[in-house]
file upload12.csv (CSV, C-alpha atoms)
chain,number,residue,atom,x,y,z
A,1,MET,CA,7.2,7.8,-58.6
A,2,LYS,CA,3.9,8.8,-56.8
A,3,ILE,CA,2.4,5.5,-57.6
A,4,TYR,CA,5.5,3.7,-56.2
A,5,LEU,CA,5.3,5.8,-53.0
A,6,LEU,CA,1.6,5.0,-52.7
A,7,ILE,CA,2.2,1.3,-53.1
A,8,CYS,CA,4.9,1.4,-50.5
A,9,SER,CA,2.7,3.3,-48.0
A,10,VAL,CA,-0.2,0.8,-48.5
A,11,ALA,CA,2.3,-2.1,-48.0
A,12,MET,CA,3.6,-0.5,-44.8
A,13,LEU,CA,0.2,0.1,-43.5
A,14,GLY,CA,-0.6,-3.5,-44.2
A,15,CYS,CA,2.4,-4.6,-42.2
A,16,VAL,CA,1.4,-2.5,-39.3
A,17,LYS,CA,-2.1,-3.9,-39.4
A,18,ALA,CA,-0.8,-7.4,-39.6
A,19,GLN,CA,1.0,-7.0,-36.2
A,20,THR,CA,-1.3,-8.7,-33.8
A,21,THR,CA,-2.2,-7.2,-30.5
A,22,THR,CA,-3.2,-9.6,-27.8
A,23,MET,CA,-4.7,-8.9,-24.4
A,24,PHE,CA,-3.9,-11.4,-21.7
A,25,ILE,CA,-6.4,-11.1,-18.9
A,26,TYR,CA,-5.5,-11.9,-15.3
A,27,GLU,CA,-7.4,-12.0,-12.1
A,28,GLY,CA,-6.1,-11.6,-8.7
A,29,LYS,CA,-5.8,-9.6,-5.5
A,30,PHE,CA,-3.7,-7.0,-3.8
A,31,ASN,CA,-3.4,-6.3,-0.1
A,32,SER,CA,-2.6,-2.6,0.2
A,33,SER,CA,-1.5,-3.0,3.8
A,34,PHE,CA,0.9,-5.7,2.6
A,35,GLY,CA,1.5,-7.9,5.5
A,36,ARG,CA,0.6,-5.5,8.4
A,37,ALA,CA,-3.2,-6.1,8.1
A,38,ASP,CA,-5.7,-7.7,5.7
A,39,ASN,CA,-6.8,-5.1,3.3
A,40,PHE,CA,-7.3,-7.3,0.3
A,41,ARG,CA,-9.2,-6.2,-2.8
A,42,GLN,CA,-9.9,-8.1,-6.0
A,43,PHE,CA,-8.3,-6.9,-9.2
A,44,LYS,CA,-8.5,-7.5,-12.9
A,45,GLY,CA,-5.1,-7.3,-14.7
A,46,THR,CA,-4.6,-6.8,-18.4
A,47,LEU,CA,-1.4,-7.2,-20.3
A,48,VAL,CA,-1.7,-5.9,-23.8
A,49,VAL,CA,1.1,-7.1,-26.0
A,50,SER,CA,1.9,-5.6,-29.4
A,51,GLY,CA,5.1,-6.7,-30.9
A,52,ASP,CA,7.9,-5.7,-28.6
A,53,ARG,CA,5.7,-3.4,-26.6
A,54,SER,CA,3.3,-4.1,-23.8
A,55,LEU,CA,1.2,-2.3,-21.3
A,56,PHE,CA,0.1,-3.9,-18.0
A,57,THR,CA,-2.4,-2.4,-15.6
A,58,MET,CA,-4.8,-3.7,-12.9
A,59,LYS,CA,-8.1,-2.2,-12.0
A,60,GLU,CA,-10.2,-3.0,-8.9
A,61,THR,CA,-13.2,-5.1,-9.8
A,62,GLY,CA,-16.5,-3.5,-8.7
A,63,VAL,CA,-16.9,0.2,-8.0
A,64,HIS,CA,-13.9,2.0,-6.6
A,65,LEU,CA,-14.3,5.5,-5.3
A,66,ALA,CA,-11.3,7.3,-3.8
A,67,ALA,CA,-12.7,8.6,-0.5
A,68,VAL,CA,-12.1,9.5,3.1
A,69,GLN,CA,-13.7,6.9,5.3
A,70,GLY,CA,-13.4,7.2,9.0
A,71,ASN,CA,-9.7,7.2,9.8
A,72,ASN,CA,-8.7,6.0,6.3
A,73,ILE,CA,-7.9,8.2,3.3
A,74,ASP,CA,-8.1,6.2,0.1
A,75,LEU,CA,-6.1,8.0,-2.6
A,76,ARG,CA,-5.5,5.0,-4.8
A,77,PRO,CA,-5.7,5.7,-8.4
A,78,ASP,CA,-8.1,4.0,-10.7
A,79,SER,CA,-5.3,1.7,-12.0
A,80,LEU,CA,-2.5,0.2,-10.1
A,81,PHE,CA,0.9,-1.3,-11.1
A,82,THR,CA,0.7,0.3,-14.5
A,83,VAL,CA,3.8,-0.5,-16.5
A,84,PHE,CA,4.8,0.1,-20.1
A,85,LYS,CA,7.6,-2.0,-21.6
A,86,ASP,CA,9.5,-1.8,-24.8
A,87,VAL,CA,11.9,-4.7,-25.3
A,88,GLU,CA,13.4,-3.2,-28.5
A,89,SER,CA,14.6,-0.1,-26.7
A,90,ASN,CA,15.2,-1.9,-23.4
A,91,SER,CA,12.8,0.5,-21.7
A,92,LEU,CA,10.3,0.3,-18.9
A,93,LEU,CA,8.1,3.1,-17.6
A,94,PHE,CA,5.8,2.9,-14.6
A,95,GLU,CA,3.1,5.1,-13.3
A,96,PHE,CA,2.9,6.7,-9.9
A,97,SER,CA,0.0,8.7,-8.5
A,98,ASP,CA,0.9,11.3,-5.9
A,99,LEU,CA,-1.1,12.8,-3.0
A,100,ASN,CA,-2.9,15.1,-5.4
A,101,GLN,CA,-3.7,12.0,-7.6
A,102,ARG,CA,-1.6,13.3,-10.4
A,103,THR,CA,0.1,10.5,-12.3
A,104,HIS,CA,3.8,10.6,-13.0
A,105,LEU,CA,5.9,8.4,-15.2
A,106,PHE,CA,9.2,7.0,-14.1
A,107,ALA,CA,11.7,4.8,-15.9
A,108,ASP,CA,13.1,1.6,-14.4
A,109,THR,CA,15.4,-1.2,-15.5
A,110,LEU,CA,13.7,-3.7,-17.8
A,111,PHE,CA,13.8,-7.2,-16.4
A,112,PRO,CA,16.7,-7.0,-14.0
A,113,MET,CA,15.4,-10.1,-12.1
A,114,ASP,CA,17.8,-12.9,-11.6
A,115,TRP,CA,15.3,-15.8,-12.0
A,116,LYS,CA,16.0,-19.3,-10.6
A,117,THR,CA,14.1,-21.7,-12.7
A,118,SER,CA,13.1,-25.2,-11.7
A,119,GLU,CA,11.5,-28.2,-13.4
A,120,GLU,CA,8.4,-27.9,-11.3
A,121,GLN,CA,5.4,-28.0,-13.6
A,122,ARG,CA,1.8,-26.8,-13.4
A,123,SER,CA,-1.0,-26.2,-15.8
A,124,ILE,CA,-2.7,-22.8,-15.9
A,125,GLY,CA,-5.8,-22.5,-18.1
A,126,GLY,CA,-4.7,-25.8,-19.8
A,127,ILE,CA,-1.3,-24.3,-20.6
A,128,PRO,CA,1.7,-26.1,-19.2
A,129,CYS,CA,3.9,-23.8,-17.1
A,130,LEU,CA,7.2,-24.0,-15.3
A,131,LYS,CA,8.2,-22.4,-12.0
A,132,ALA,CA,10.7,-19.6,-11.4
A,133,VAL,CA,11.5,-17.6,-8.4
A,134,THR,CA,13.3,-14.3,-7.8
A,135,GLN,CA,14.0,-11.5,-5.4
A,136,PHE,CA,13.1,-8.1,-6.6
A,137,LYS,CA,13.1,-4.7,-4.8
A,138,GLY,CA,13.0,-6.3,-1.4
A,139,ARG,CA,10.4,-9.0,-2.1
A,140,GLY,CA,10.5,-12.6,-3.2
A,141,TYR,CA,8.3,-13.5,-6.2
A,142,THR,CA,7.2,-16.8,-7.7
A,143,ALA,CA,6.3,-16.9,-11.4
A,144,TRP,CA,4.7,-19.7,-13.5
A,145,TYR,CA,5.6,-19.1,-17.1
A,146,ALA,CA,4.5,-20.8,-20.3
A,147,PRO,CA,7.4,-21.8,-22.5
A,148,THR,CA,4.9,-22.4,-25.4
A,149,ILE,CA,4.0,-18.7,-25.4
A,150,THR,CA,7.3,-17.2,-26.4
A,151,ILE,CA,6.7,-13.7,-25.0
A,152,PRO,CA,9.3,-12.8,-22.3
A,153,ASP,CA,6.8,-10.6,-20.4
A,154,GLY,CA,4.4,-10.7,-17.5
A,155,PRO,CA,2.3,-8.8,-15.0
A,156,TRP,CA,3.7,-5.5,-13.6
A,157,LYS,CA,7.5,-5.2,-13.9
A,158,LEU,CA,8.0,-9.0,-14.0
A,159,GLY,CA,9.4,-10.7,-17.1
A,160,GLY,CA,12.5,-11.8,-18.8
A,161,LEU,CA,11.7,-15.5,-18.7
A,162,PRO,CA,11.6,-17.8,-21.8
A,163,GLY,CA,7.8,-17.6,-21.9
A,164,LEU,CA,4.9,-15.5,-20.8
A,165,ILE,CA,4.3,-15.4,-17.0
A,166,LEU,CA,0.8,-16.7,-16.5
A,167,GLU,CA,0.8,-16.6,-12.7
A,168,ALA,CA,2.8,-14.4,-10.3
A,169,TYR,CA,2.7,-13.7,-6.6
A,170,ASP,CA,5.0,-12.5,-3.8
A,171,ASP,CA,6.2,-14.7,-1.0
A,172,GLU,CA,3.5,-13.4,1.5
A,173,ASP,CA,0.8,-13.6,-1.2
A,174,ASN,CA,-0.1,-10.0,-0.8
A,175,TRP,CA,-0.1,-9.5,-4.6
A,176,HIS,CA,-1.3,-12.3,-6.8
A,177,MET,CA,-2.2,-12.4,-10.5
A,178,THR,CA,-3.4,-15.4,-12.4
A,179,PHE,CA,-4.1,-15.6,-16.2
A,180,VAL,CA,-7.7,-16.4,-17.0
A,181,SER,CA,-8.1,-15.7,-20.8
A,182,LYS,CA,-6.8,-13.9,-23.8
A,183,GLN,CA,-8.3,-12.0,-26.7
A,184,GLU,CA,-7.2,-10.1,-29.8
A,185,VAL,CA,-7.6,-6.3,-29.6
A,186,GLN,CA,-7.1,-3.3,-31.8
A,187,GLY,CA,-3.8,-2.2,-30.4
A,188,PHE,CA,-3.4,0.2,-27.5
A,189,ASP,CA,-2.6,3.8,-27.1
A,190,GLN,CA,1.2,4.1,-26.8
A,191,ASP,CA,1.6,7.8,-27.6
A,192,HIS,CA,1.6,8.9,-24.0
A,193,PHE,CA,4.4,6.5,-23.1
A,194,LEU,CA,6.4,7.0,-26.3
A,195,ALA,CA,6.3,10.8,-25.9
A,196,ALA,CA,7.5,10.4,-22.3
A,197,MET,CA,10.3,8.1,-23.5
A,198,LYS,CA,11.3,10.6,-26.2
A,199,LYS,CA,11.2,13.5,-23.8
A,200,GLY,CA,13.3,11.5,-21.3
A,201,THR,CA,12.0,10.2,-18.1
A,202,GLU,CA,13.6,10.2,-14.7
A,203,GLY,CA,14.6,6.8,-13.2
A,204,PHE,CA,13.8,4.9,-10.0
A,205,PRO,CA,16.0,7.1,-7.8
A,206,ALA,CA,13.8,10.1,-8.8
A,207,PHE,CA,10.7,8.1,-7.9
A,208,ALA,CA,12.2,7.2,-4.6
A,209,ALA,CA,13.0,10.8,-4.0
A,210,GLN,CA,9.5,11.9,-4.8
A,211,VAL,CA,8.0,9.3,-2.4
A,212,LYS,CA,10.4,10.5,0.3
A,213,LYS,CA,9.3,14.0,-0.4
A,214,ILE,CA,5.7,13.1,0.0
A,215,PHE,CA,6.5,11.3,3.3
A,216,SER,CA,8.5,14.4,4.6
A,217,ARG,CA,5.5,16.6,3.6
A,218,LEU,CA,3.1,14.5,5.6
A,219,GLU,CA,5.5,14.1,8.5
A,220,ALA,CA,6.1,17.9,8.7
A,221,ALA,CA,2.4,18.6,8.5
A,222,LEU,CA,1.6,16.0,11.2
A,223,GLY,CA,4.5,17.1,13.4
A,224,ALA,CA,3.2,20.7,13.3
A,225,GLN,CA,-0.2,19.8,14.6
A,226,SER,CA,-0.9,20.5,18.3
A,227,SER,CA,-1.2,17.4,20.4
A,228,ALA,CA,-4.1,16.4,22.7
A,229,ASN,CA,-6.2,19.0,24.6
A,230,CYS,CA,-6.2,16.8,27.7
A,231,VAL,CA,-4.1,18.2,30.6
A,232,ASP,CA,-3.4,14.9,32.2
A,233,CYS,CA,-2.7,13.0,29.0
A,234,GLN,CA,0.5,12.4,27.1
A,235,THR,CA,0.0,11.8,23.4
A,236,LYS,CA,2.6,10.6,21.0
A,237,SER,CA,1.7,10.5,17.3
A,238,VAL,CA,3.8,8.4,14.9
A,239,VAL,CA,3.7,8.3,11.1
A,240,LYS,CA,5.1,5.2,9.4
A,241,PHE,CA,5.5,4.8,5.7
A,242,HIS,CA,5.4,1.6,3.8
A,243,SER,CA,6.3,1.0,0.2
A,244,TRP,CA,5.6,-2.1,-1.9
A,245,GLU,CA,9.0,-1.7,-3.5
A,246,LYS,CA,12.1,-1.1,-1.4
A,247,ILE,CA,13.0,2.5,-2.0
A,248,ASP,CA,16.1,2.9,0.3
B,1,MET,CA,-10.9,7.0,77.6
B,2,LYS,CA,-8.5,9.1,75.5
B,3,LYS,CA,-6.7,5.9,74.5
B,4,VAL,CA,-10.0,4.4,73.3
B,5,ILE,CA,-11.0,7.5,71.3
B,6,LEU,CA,-7.5,7.6,69.8
B,7,SER,CA,-7.7,3.9,68.8
B,8,VAL,CA,-11.1,4.3,67.3
B,9,ALA,CA,-9.9,7.4,65.4
B,10,MET,CA,-6.9,5.5,64.1
B,11,MET,CA,-9.0,2.5,63.0
B,12,PHE,CA,-11.4,4.9,61.3
B,13,ALA,CA,-8.6,6.6,59.5
B,14,ALA,CA,-7.1,3.2,58.5
B,15,PHE,CA,-10.6,2.2,57.2
B,16,LEU,CA,-10.9,5.4,55.1
B,17,THR,CA,-7.5,4.8,53.6
B,18,GLN,CA,-8.3,1.2,52.7
B,19,ALA,CA,-11.7,2.3,51.2
B,20,ALA,CA,-9.9,4.9,49.1
B,21,VAL,CA,-7.4,2.4,47.8
B,22,GLY,CA,-10.1,-0.1,47.1
B,23,LYS,CA,-12.0,2.4,45.1
B,24,GLN,CA,-9.0,3.3,43.1
B,25,MET,CA,-8.3,-0.3,42.4
B,26,ASP,CA,-11.9,-0.8,41.3
B,27,GLU,CA,-11.5,2.0,38.8
B,28,VAL,CA,-8.3,0.5,37.5
B,29,LYS,CA,-10.1,-2.8,36.8
B,30,LEU,CA,-13.2,-1.2,35.4
B,31,LYS,CA,-11.9,1.4,33.1
B,32,PRO,CA,-10.1,-0.7,30.4
B,33,GLY,CA,-13.3,-2.8,30.1
B,34,GLU,CA,-15.2,0.4,29.3
B,35,GLU,CA,-13.2,0.9,26.1
B,36,LYS,CA,-15.6,0.5,23.1
B,37,VAL,CA,-13.8,2.1,20.2
B,38,SER,CA,-11.5,0.2,18.0
B,39,ALA,CA,-8.4,0.9,20.0
B,40,VAL,CA,-6.0,-1.2,22.0
B,41,CYS,CA,-5.8,-0.7,25.8
B,42,TRP,CA,-2.7,-2.1,27.4
B,43,GLY,CA,-3.4,-0.9,31.0
B,44,ASP,CA,-0.4,0.8,32.5
B,45,GLU,CA,2.2,-1.0,30.5
B,46,ALA,CA,4.7,1.1,28.5
B,47,SER,CA,2.9,4.2,29.6
B,48,PRO,CA,4.8,7.4,29.0
B,49,VAL,CA,2.9,9.2,31.8
B,50,LYS,CA,3.9,8.6,35.3
B,51,GLU,CA,1.1,6.9,37.2
B,52,ALA,CA,-0.9,6.6,33.9
B,53,LEU,CA,-3.4,3.8,34.1
B,54,CYS,CA,-4.5,3.5,30.5
B,55,THR,CA,-2.9,3.8,27.1
B,56,ILE,CA,-4.9,4.0,23.9
B,57,THR,CA,-3.6,3.7,20.4
B,58,MET,CA,-5.7,4.7,17.4
B,59,LYS,CA,-4.5,4.3,13.8
B,60,GLY,CA,-5.4,5.8,10.5
B,61,ARG,CA,-4.2,5.1,7.0
B,62,ILE,CA,-3.4,7.1,3.9
B,63,ASP,CA,-3.6,4.6,1.0
B,64,LEU,CA,-1.8,5.5,-2.3
B,65,GLY,CA,-1.9,1.9,-3.6
B,66,PRO,CA,1.6,0.5,-3.5
B,67,ILE,CA,2.5,3.2,-0.9
B,68,GLU,CA,0.9,3.6,2.4
B,69,ALA,CA,1.3,6.0,5.3
B,70,GLU,CA,0.1,4.9,8.7
B,71,VAL,CA,-0.7,7.5,11.4
B,72,SER,CA,-1.0,6.3,15.0
B,73,CYS,CA,-1.8,8.3,18.1
B,74,THR,CA,-0.9,6.8,21.4
B,75,THR,CA,-2.3,8.5,24.5
B,76,SER,CA,-1.7,7.7,28.1
B,77,ALA,CA,-3.9,9.0,30.8
B,78,THR,CA,-5.2,8.2,34.3
B,79,THR,CA,-8.5,7.0,32.8
B,80,CYS,CA,-9.3,5.2,29.6
B,81,GLU,CA,-12.0,7.7,28.8
B,82,ALA,CA,-9.5,10.6,28.9
B,83,ALA,CA,-7.0,8.6,26.9
B,84,THR,CA,-9.6,7.6,24.3
B,85,VAL,CA,-10.9,11.1,23.8
B,86,SER,CA,-7.4,12.4,23.5
B,87,ALA,CA,-6.4,9.7,21.0
B,88,ILE,CA,-9.5,10.3,18.9
B,89,ASN,CA,-8.8,14.1,18.9
B,90,CYS,CA,-5.2,13.5,17.9
B,91,LEU,CA,-6.1,11.2,15.0
B,92,SER,CA,-9.0,13.5,13.9
B,93,ALA,CA,-6.5,16.3,13.8
B,94,ALA,CA,-4.0,14.2,11.9
B,95,ILE,CA,-6.5,13.2,9.3
B,96,LYS,CA,-7.7,16.8,9.0
B,97,THR,CA,-4.0,17.8,8.5
B,98,VAL,CA,-3.5,15.2,5.8
B,99,ARG,CA,-6.6,16.4,4.0
B,100,THR,CA,-5.3,20.0,4.1
B,101,VAL,CA,-2.0,18.8,2.6
B,102,ILE,CA,-3.8,17.0,-0.1
B,103,MET,CA,-6.3,19.7,-1.1
call {"tool": "encode", "arguments": {"input": "upload12.csv", "output": "structure tokens"}}
result
Amino acid sequence: MKIYLLICSVAMLGCVKAQTTTMFIYEGKFNSSFGRADNFRQFKGTLVVSGDRSLFTMKETGVHLAAVQGNNIDLRPDSLFTVFKDVESNSLLFEFSDLNQRTHLFADTLFPMDWKTSEEQRSIGGIPCLKAVTQFKGRGYTAWYAPTITIPDGPWKLGGLPGLILEAYDDEDNWHMTFVSKQEVQGFDQDHFLAAMKKGTEGFPAFAAQVKKIFSRLEAALGAQSSANCVDCQTKSVVKFHSWEKID
Amino acid sequence: MKKVILSVAMMFAAFLTQAAVGKQMDEVKLKPGEEKVSAVCWGDEASPVKEALCTITMKGRIDLGPIEAEVSCTTSATTCEAATVSAINCLSAAIKTVRTVIM
């Protein structure tokens, strides 16, 4: 019996090891002022796919130090647009970094996009791709997907097409990711995300509520500050909040 | 003689008034050009202060990646120097406040 169990365990381990993990590497840009000003930075995106699960994240190329510079406070986390997807359980988790740079995980709907596909073709890295467009959380997106790579995934929250998205960008080209290469890797650490899924993660409305809470906190703090110390002046301070995804 | 003196006095008074208006107009023209900080000066348009001659707006950003807060301070004053100083003070205070909230 022990020998039988041992053989089964070894066989199972073999199966696990046999599952390939591929890292698709993207390069692109993100304008953190999205449309209101040019604040573009270059990013490297990685989509690690292992079976039905994947992890996308993008890191700024070069040195990134969160800092206070002049009138700008840069609180961007090291990684942006981090998304964990599990097709089997129809789950999607995304990361959000708050004012204290603490990261939180929230759940969102997996591939809710209503894609409009077309026959328009293009080659990306020598791989033939087809075009698809969609509207998602207040923005229009274009995706070029490869029907020959039968992974219905893509950068960030995008996916659900009959092939891997090799290039994606929004209508204003504030966010743009293009596939450059791929490589086999030794899996990726899923424990953090699986534990969160098991524990139960709050959804997009909770994320929206947290963002609004941060905004209120800032608004209250700024509203409480005394205005100018100039007798003849009249000062009006305004705080405007902008979110990449529509949160109303 | 009295009439002559009165006429001269009135002319002198009129000259002084003109000179004062001219000086004021010169200031209006010159002040916006003196603005050197990265702010926008619209002159007296959309000014919340009655008789304000210069409005300065200064902006700051709090960048959280896919979320951004933009703080702007718009100050109107009779001179651009006063408006600029006030706008800078306002934005500095705002940034300081945000830092306090974060820390």
call {"tool": "interface_residues", "arguments": {"input": "upload12.csv", "of": "chain B", "to": "chain A", "cutoff": "7 Å", "atoms": "all atoms listed in the file", "output": "ChimeraX atom specification"}}
result
/B:48-49,60-77,83,86,89-90,94-95,97-98,102
call {"tool": "write_last_selection", "arguments": {"input": "upload12.csv", "atoms": "C-alpha atoms", "output": "PDB file, in the coordinates of the input"}}
result
ATOM      1  CA  PRO B  48       4.800   7.400  29.000  1.00  0.00           C
ATOM      2  CA  VAL B  49       2.900   9.200  31.800  1.00  0.00           C
ATOM      3  CA  GLY B  60      -5.400   5.800  10.500  1.00  0.00           C
ATOM      4  CA  ARG B  61      -4.200   5.100   7.000  1.00  0.00           C
ATOM      5  CA  ILE B  62      -3.400   7.100   3.900  1.00  0.00           C
ATOM      6  CA  ASP B  63      -3.600   4.600   1.000  1.00  0.00           C
ATOM      7  CA  LEU B  64      -1.800   5.500  -2.300  1.00  0.00           C
ATOM      8  CA  GLY B  65      -1.900   1.900  -3.600  1.00  0.00           C
ATOM      9  CA  PRO B  66       1.600   0.500  -3.500  1.00  0.00           C
ATOM     10  CA  ILE B  67       2.500   3.200  -0.900  1.00  0.00           C
ATOM     11  CA  GLU B  68       0.900   3.600   2.400  1.00  0.00           C
ATOM     12  CA  ALA B  69       1.300   6.000   5.300  1.00  0.00           C
ATOM     13  CA  GLU B  70       0.100   4.900   8.700  1.00  0.00           C
ATOM     14  CA  VAL B  71      -0.700   7.500  11.400  1.00  0.00           C
ATOM     15  CA  SER B  72      -1.000   6.300  15.000  1.00  0.00           C
ATOM     16  CA  CYS B  73      -1.800   8.300  18.100  1.00  0.00           C
ATOM     17  CA  THR B  74      -0.900   6.800  21.400  1.00  0.00           C
ATOM     18  CA  THR B  75      -2.300   8.500  24.500  1.00  0.00           C
ATOM     19  CA  SER B  76      -1.700   7.700  28.100  1.00  0.00           C
ATOM     20  CA  ALA B  77      -3.900   9.000  30.800  1.00  0.00           C
ATOM     21  CA  ALA B  83      -7.000   8.600  26.900  1.00  0.00           C
ATOM     22  CA  SER B  86      -7.400  12.400  23.500  1.00  0.00           C
ATOM     23  CA  ASN B  89      -8.800  14.100  18.900  1.00  0.00           C
ATOM     24  CA  CYS B  90      -5.200  13.500  17.900  1.00  0.00           C
ATOM     25  CA  ALA B  94      -4.000  14.200  11.900  1.00  0.00           C
ATOM     26  CA  ILE B  95      -6.500  13.200   9.300  1.00  0.00           C
ATOM     27  CA  THR B  97      -4.000  17.800   8.500  1.00  0.00           C
ATOM     28  CA  VAL B  98      -3.500  15.200   5.800  1.00  0.00           C
ATOM     29  CA  ILE B 102      -3.800  17.000  -0.100  1.00  0.00           C
TER      30      ILE B 102
END
call {"tool": "residues_around", "arguments": {"input": "upload12.csv", "residues": "Leu110 in chain A", "least_positions_apart": "2", "cutoff": "6 Å", "atoms": "all atoms listed in the file", "output": "PDB file with C-alpha atoms, in the coordinates of the input"}}
result
ATOM      1  CA  SER A  91      12.800   0.500 -21.700  1.00  0.00           C
ATOM      2  CA  LEU A  92      10.300   0.300 -18.900  1.00  0.00           C
ATOM      3  CA  PRO A 112      16.700  -7.000 -14.000  1.00  0.00           C
TER       4      PRO A 112
END
call {"tool": "residues_around", "arguments": {"input": "upload12.csv", "residues": "Glu120 in chain A", "least_positions_apart": "3", "cutoff": "12 Å", "atoms": "all atoms listed in the file", "output": "ChimeraX atom specification"}}
result
/A:116-117,123,128-133,142-145
call {"tool": "write_last_selection", "arguments": {"input": "upload12.csv", "atoms": "C-alpha atoms", "output": "PDB file, keeping the file's coordinate frame"}}
result
ATOM      1  CA  LYS A 116      16.000 -19.300 -10.600  1.00  0.00           C
ATOM      2  CA  THR A 117      14.100 -21.700 -12.700  1.00  0.00           C
ATOM      3  CA  SER A 123      -1.000 -26.200 -15.800  1.00  0.00           C
ATOM      4  CA  PRO A 128       1.700 -26.100 -19.200  1.00  0.00           C
ATOM      5  CA  CYS A 129       3.900 -23.800 -17.100  1.00  0.00           C
ATOM      6  CA  LEU A 130       7.200 -24.000 -15.300  1.00  0.00           C
ATOM      7  CA  LYS A 131       8.200 -22.400 -12.000  1.00  0.00           C
ATOM      8  CA  ALA A 132      10.700 -19.600 -11.400  1.00  0.00           C
ATOM      9  CA  VAL A 133      11.500 -17.600  -8.400  1.00  0.00           C
ATOM     10  CA  THR A 142       7.200 -16.800  -7.700  1.00  0.00           C
ATOM     11  CA  ALA A 143       6.300 -16.900 -11.400  1.00  0.00           C
ATOM     12  CA  TRP A 144       4.700 -19.700 -13.500  1.00  0.00           C
ATOM     13  CA  TYR A 145       5.600 -19.100 -17.100  1.00  0.00           C
TER      14      TYR A 145
END
call {"tool": "atom_distance", "arguments": {"input": "upload12.csv", "atom1": "CA of Val180 in chain A", "atom2": "CA of Ser50 in chain A"}}
result
19.0 Å
call {"tool": "atom_distance", "arguments": {"input": "upload12.csv", "atom1": "CA of Thr82 in chain A", "atom2": "CA of Gln42 in chain A"}}
result
16.0 Å
